[in-house]
Structure formats: C-alpha cells, structure tokens
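**Student:** Got a structure for you, written out below as structure tokens; questions coming shortly.
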Amino acid sequence: MELKRLWDTLVYFNVFPIPSCFLKLFNSKNMPSLMINITLIADDNSNLAQETIDSLQKKNTPLRIITSSPNTAFSSPLTEIIVMDLDKDILLSSLFERVNEVIFFPQNGIDKLRELMNNNLQIGEMILFDFTIANDNLRTIWGAVDDVVMGGVSSSNLILRDNKAIFTGIVSTNNNGGFVSVRSKNFIPEWDLSPYQGIRLKVKGDGKRYKFISRCEGKWDGISYCYSFDTIDNQWITVDIPFDDLIPVFRAKTLKDAPKFDSSKVYSLQLMLSKFEYDGGYNPHFEAGGFSLEIENIKVYGKLSSNSHIVISHKNETV
C-alpha cells in the first residue's frame, strides 16, 4: 500500500526523467496554465478595446479578458477568455488570481468589478492562489508529499470545500516518519515575483506550527527555502513571510553557504507540518495524530509600485 502511495506521488510530480518532447505533451494535458503578472481586461467589444488587446498580444503580455461576446481573433496561448456579463453574473475574487494590472473599458458592471477588487486586494498585493472557489485547476496543481517518500506512513490531502482549502490528514512518527505536506507542481515557466517583498497567507489553524516552503530551482529534492509559523486554534490569521527571511534548507538541515532566495525564479510552493524544525531540533508544537490548516488564499505583498487600475474612455482618455 505504501509503495503504491510512493509511486503515485512520484508520478504526480513528474519526478521520473522523461524526454522533453513527452514532458511537454504530458504537461499540456495535466498542468493548467499558470500565467503570472496578468493584465485583466474588461472588454466592452468597442474598437478601442479590440485595438488595446491586439497591441498587448503583440507584446506577448499575459491577458485575462472578460467579455460577453468572445472574439476568436483573441485566441492565444497567453490569453485566457472568460465569457460573462459583468452586470448580471456573480463575480468571484478568483478573477484576480496572478493579476497585476487591470484595464476597464466603460460598460455596465464595472463598478461591481472595481468593488470586488477593492474588497480583496490591498495596495501592492497580488493573489497567487484563491481557494475560496473549488476548481479542477487547483486539484491538478496541488498534491500531497508525505513522509511515505522516506518510508513513513503519514497521510495528508488538500480538500477544497466551504470557500477554502483544508490541509488535513494524519501525521505519524512510525517508521521514523513525522511529516506531511501539500506542494504545487513546478510552475512552467517559473514565476518572477521580484517586484514584491514576500508571501502573505490567510489561514486558520489548530495551534500547531507549520512551515511554508518555496524553491528557486526545479529539482524535486534540491534546496528548499523555509519559514516556520505558529497558528492560533480556530482563528483566522494573516501570516506575512518576507522573502529575505526564508531559510535555505536541505532535508531539515540549514545551509549556511547557500544563496539567498531568488524571488525572480519561483518554481513551487509548499505547506508542511513536521515534527522536525531545523538542524536536529524539534517542532515545539508538534503532536502526532490529526491536524487541520484552512487556507483562504496565498498572495504576494509589498510591490514597490502600486498596481495599475486603468479606465479607458472611448475618447481615448485615461483616468
């Protein structure tokens, strides 16, 4: 049974060496687009909107277009089209995932979209993952990496329900184990988060200490950059993790000579519960058994220049 779980984990994260041509084919079917630094456009089907979209596409700008009348001419690997009526449809905060610029063209429903943005984003923030809406993309991106990879028997999962993700399961110290985690697949291409200062988590925990982990290389078992944080039982908290505070670690041992975290090359994100802290130390709030960490969203914060929110009128004026 544990061998099957180990095999499933390694296959899910594409750990086995695969020729590049097959890897691209595999990723195209199983890994959704995770474009970063997207420009969100509220399209009103005017000539000015069409010209703006065409210009941005020629510059290879990642786009997310909200439109009531999709135009097949917009089709592009760097363009995501969402068909909806801003005035009538329910707007979700996931519209702003990985968006760093918004362009509004005058139309009904714009006030709703701007209100949604203002309610979910502070100045200098960008949403990386919004777990308030369950979707197949999130299930395809995130998977469990538990101590079964080291011979242990712990088991975890990321459950999407009730407007949140729940990192939960059973952690056991049997067979010299003692950790559970959920990790994203590698982002292709890697993310450039260098305009920001750190990661921001909105979580509700169980009083235990967890780790946030990221990587700036694509290796499965390479250097990881870690930050431990404590939770308050059954209380929502915001955890700010400055990139400069991430500790270079290899298998729970700190690396004094490793380079600092490179936020311009972010390959993956991970959340972990472990009995191990660093360099042979133990997590002071660890308990074997059940656990639960609820996550509403993962953001970056502290952009040096504020995000652009632009309204373009049909007189070619920008507000």
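Residues are named by chain letter and number: chains run A, B, ... in the order of the structure tokens, numbers start at 1 in each chain, and ligands are numbered from 1 in the order shown.
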Can you tell me, as a PyMOL selection string, what residues are no more than 10 Å from Asn71 (chain A) when counting only C-alpha atoms, ignoring any on the same chain fewer than 3 positions away?

**Tutor:** chain A and resi 45+50+67-68+74-75+81

**Student:** Would you write out those residues with C-alpha atoms, as an mmCIF file, in the first residue's frame?

**Tutor:**
data_model
loop_
_atom_site.group_PDB
_atom_site.id
_atom_site.type_symbol
_atom_site.label_atom_id
_atom_site.label_comp_id
_atom_site.auth_asym_id
_atom_site.auth_seq_id
_atom_site.Cartn_x
_atom_site.Cartn_y
_atom_site.Cartn_z
ATOM 1 C CA ASN A 45 -16.381 44.997 -27.601
ATOM 2 C CA GLN A 50 -10.026 45.440 -29.666
ATOM 3 C CA THR A 67 -16.156 39.604 -22.369
ATOM 4 C CA SER A 68 -19.811 38.963 -23.142
ATOM 5 C CA PHE A 74 -8.217 36.777 -29.338
ATOM 6 C CA SER A 75 -7.159 33.131 -29.201
ATOM 7 C CA ILE A 81 -11.013 34.353 -22.160
#

**Student:** Would you list the contacts of Asp130 (chain A) as a ChimeraX atom specification, taking every protein, DNA or RNA residue within 10 Å and counting only C-alpha atoms, but skipping same-chain residues closer than 4 positions in sequence?

**Tutor:** /A:92-98,134,138,163-165,295-299

**Student:** If I take CA of Tyr227 (chain A) and CA of Leu201 (chain A), how far is one from the other in Å, to one decimal?

**Tutor:** 11.9 Å

**Student:** Tell me, as a ChimeraX atom specification, which residues lie within 9 Å of Thr9 (chain A), counting only C-alpha atoms; anything in the same chain fewer than 2 positions away does not count.

**Tutor:** /A:4-7,11-15,143-146,149

**Student:** Give me, as a VMD selection string, the residues of region 9-245 of chain A that a backbone DSSP run labels helix (DSSP H, G or I).

**Tutor:** chain A and resid 9 to 12 20 to 30 47 to 58 72 to 74 93 to 96 110 to 120 136 to 141 147 to 150 174 to 176 243 to 245

**Student:** Between CA of Phe286 (chain A) and CA of Ser172 (chain A), what is the distance in Å, rounded to a tenth?

**Tutor:**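 Spanning CA of Phe286 (chain A) to CA of Ser172 (chain A) is a straight-line distance of 10.7 Å.
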
**Student:** Quick one: pull the distance between CA of Gly289 (chain A) and CA of Ser154 (chain A), Å, one decimal.

**Tutor:**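 Interatomic distance here is 9.1 Å.
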
**Student:** Nearest to Ile199 (chain A) among A:Phe187, A:Phe104, A:Phe291, A:Phe243, with distances taken over only C-alpha atoms: which residue is it?

**Tutor:**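 For Ile199 (chain A), the nearest of the given residues is A:Phe243.
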
**Student:** For Arg251 (chain A), work out the shell of residues within 12 Å, counting only C-alpha atoms and skipping chain neighbours fewer than 6 positions away, then give it as a count of residues only.

**Tutor:** 17

**Student:** Skipping near chain neighbours, those fewer than 4 positions away, what residues fall within 12 Å of Pro195 (chain A) using only C-alpha atoms, listed as number ranges by chain?

**Tutor:** A: 37, 100, 124-126, 191, 199, 243, 262-265, 300-307

**Student:** Using only C-alpha atoms, pick whichever of A:Thr140, A:Ser184, A:Thr79, A:Gln270 has the shortest atom-to-atom distance to Gln57 (chain A).

**Tutor:** A:Thr79

**Student:** Pick the closest to Ile312 (chain A) from A:Ile36, A:Ile166, A:Ile41, A:Met272: which is it, counting only C-alpha atoms?

**Tutor:**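 That would be A:Ile41, the residue with the smallest distance to Ile312 (chain A).
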
**Student:** Just want the 8 Å neighbourhood of Tyr210 (chain A), counted on only C-alpha atoms, with same-chain residues fewer than 6 positions away dropped. Output as a PyMOL selection string.

**Tutor:** chain A and resi 228-231+271-274

**Student:** Calculated over only C-alpha atoms, which of the candidates A:Ser214, A:Ser76, A:Asn137, A:Asn108 has the smallest distance to Leu34 (chain A)?

**Tutor:**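 Comparing A:Ser214, A:Ser76, A:Asn137, A:Asn108 against Leu34 (chain A), the winner is A:Asn137.
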
**Student:** Let me make sure I understand: among A:Ile232, A:Ile82, A:Ile310, A:Ala252, which one has the smallest atom-to-atom distance to Asn283 (chain A) if we use only C-alpha atoms?

**Tutor:** A:Ala252

**Student:** Give the strand (DSSP E) residues of region 215-298 of chain A, as DSSP finds them on the backbone, and put them as a PyMOL selection string.

**Tutor:** chain A and resi 215+224-230+236-242+247-250+253-254+268-274+289-298

**Student:** Just C-alpha atoms for this one: save the residues we selected as a JSON list (two decimals), in the first residue's frame.

**Tutor:**
[["chain", "number", "residue", "atom", "x", "y", "z"],
["A", 215, "ARG", "CA", 12.05, 26.71, -4.29],
["A", 224, "SER", "CA", 14.18, 24.46, -0.25],
["A", 225, "TYR", "CA", 13.59, 27.82, 1.40],
["A", 226, "CYS", "CA", 11.58, 27.58, 4.62],
["A", 227, "TYR", "CA", 9.72, 29.74, 7.11],
["A", 228, "SER", "CA", 8.05, 28.37, 10.25],
["A", 229, "PHE", "CA", 4.87, 29.98, 11.57],
["A", 230, "ASP", "CA", 2.57, 29.35, 14.50],
["A", 236, "TRP", "CA", -8.11, 33.26, 11.05],
["A", 237, "ILE", "CA", -4.74, 35.00, 10.89],
["A", 238, "THR", "CA", -2.61, 36.67, 8.22],
["A", 239, "VAL", "CA", 0.98, 35.44, 8.01],
["A", 240, "ASP", "CA", 3.50, 37.68, 6.25],
["A", 241, "ILE", "CA", 6.65, 35.89, 5.07],
["A", 242, "PRO", "CA", 9.37, 38.26, 3.80],
["A", 247, "ILE", "CA", 15.95, 29.95, 5.29],
["A", 248, "PRO", "CA", 17.87, 27.73, 2.80],
["A", 249, "VAL", "CA", 17.44, 24.12, 3.89],
["A", 250, "PHE", "CA", 18.21, 20.64, 2.58],
["A", 253, "LYS", "CA", 19.44, 20.98, 7.69],
["A", 254, "THR", "CA", 20.19, 24.68, 7.19],
["A", 268, "SER", "CA", 6.86, 25.85, -6.42],
["A", 269, "LEU", "CA", 5.06, 26.48, -3.14],
["A", 270, "GLN", "CA", 4.51, 24.05, -0.26],
["A", 271, "LEU", "CA", 2.89, 23.86, 3.19],
["A", 272, "MET", "CA", 4.19, 21.33, 5.72],
["A", 273, "LEU", "CA", 3.57, 20.01, 9.23],
["A", 274, "SER", "CA", 6.67, 18.30, 10.61],
["A", 289, "GLY", "CA", -2.42, 12.49, 15.05],
["A", 290, "GLY", "CA", -4.99, 14.58, 13.21],
["A", 291, "PHE", "CA", -4.39, 18.16, 12.12],
["A", 292, "SER", "CA", -6.14, 20.87, 10.12],
["A", 293, "LEU", "CA", -4.90, 24.04, 8.42],
["A", 294, "GLU", "CA", -7.50, 26.00, 6.47],
["A", 295, "ILE", "CA", -6.28, 28.31, 3.71],
["A", 296, "GLU", "CA", -8.32, 31.08, 2.09],
["A", 297, "ASN", "CA", -5.66, 32.46, -0.22],
["A", 298, "ILE", "CA", -1.96, 32.86, -0.93]]
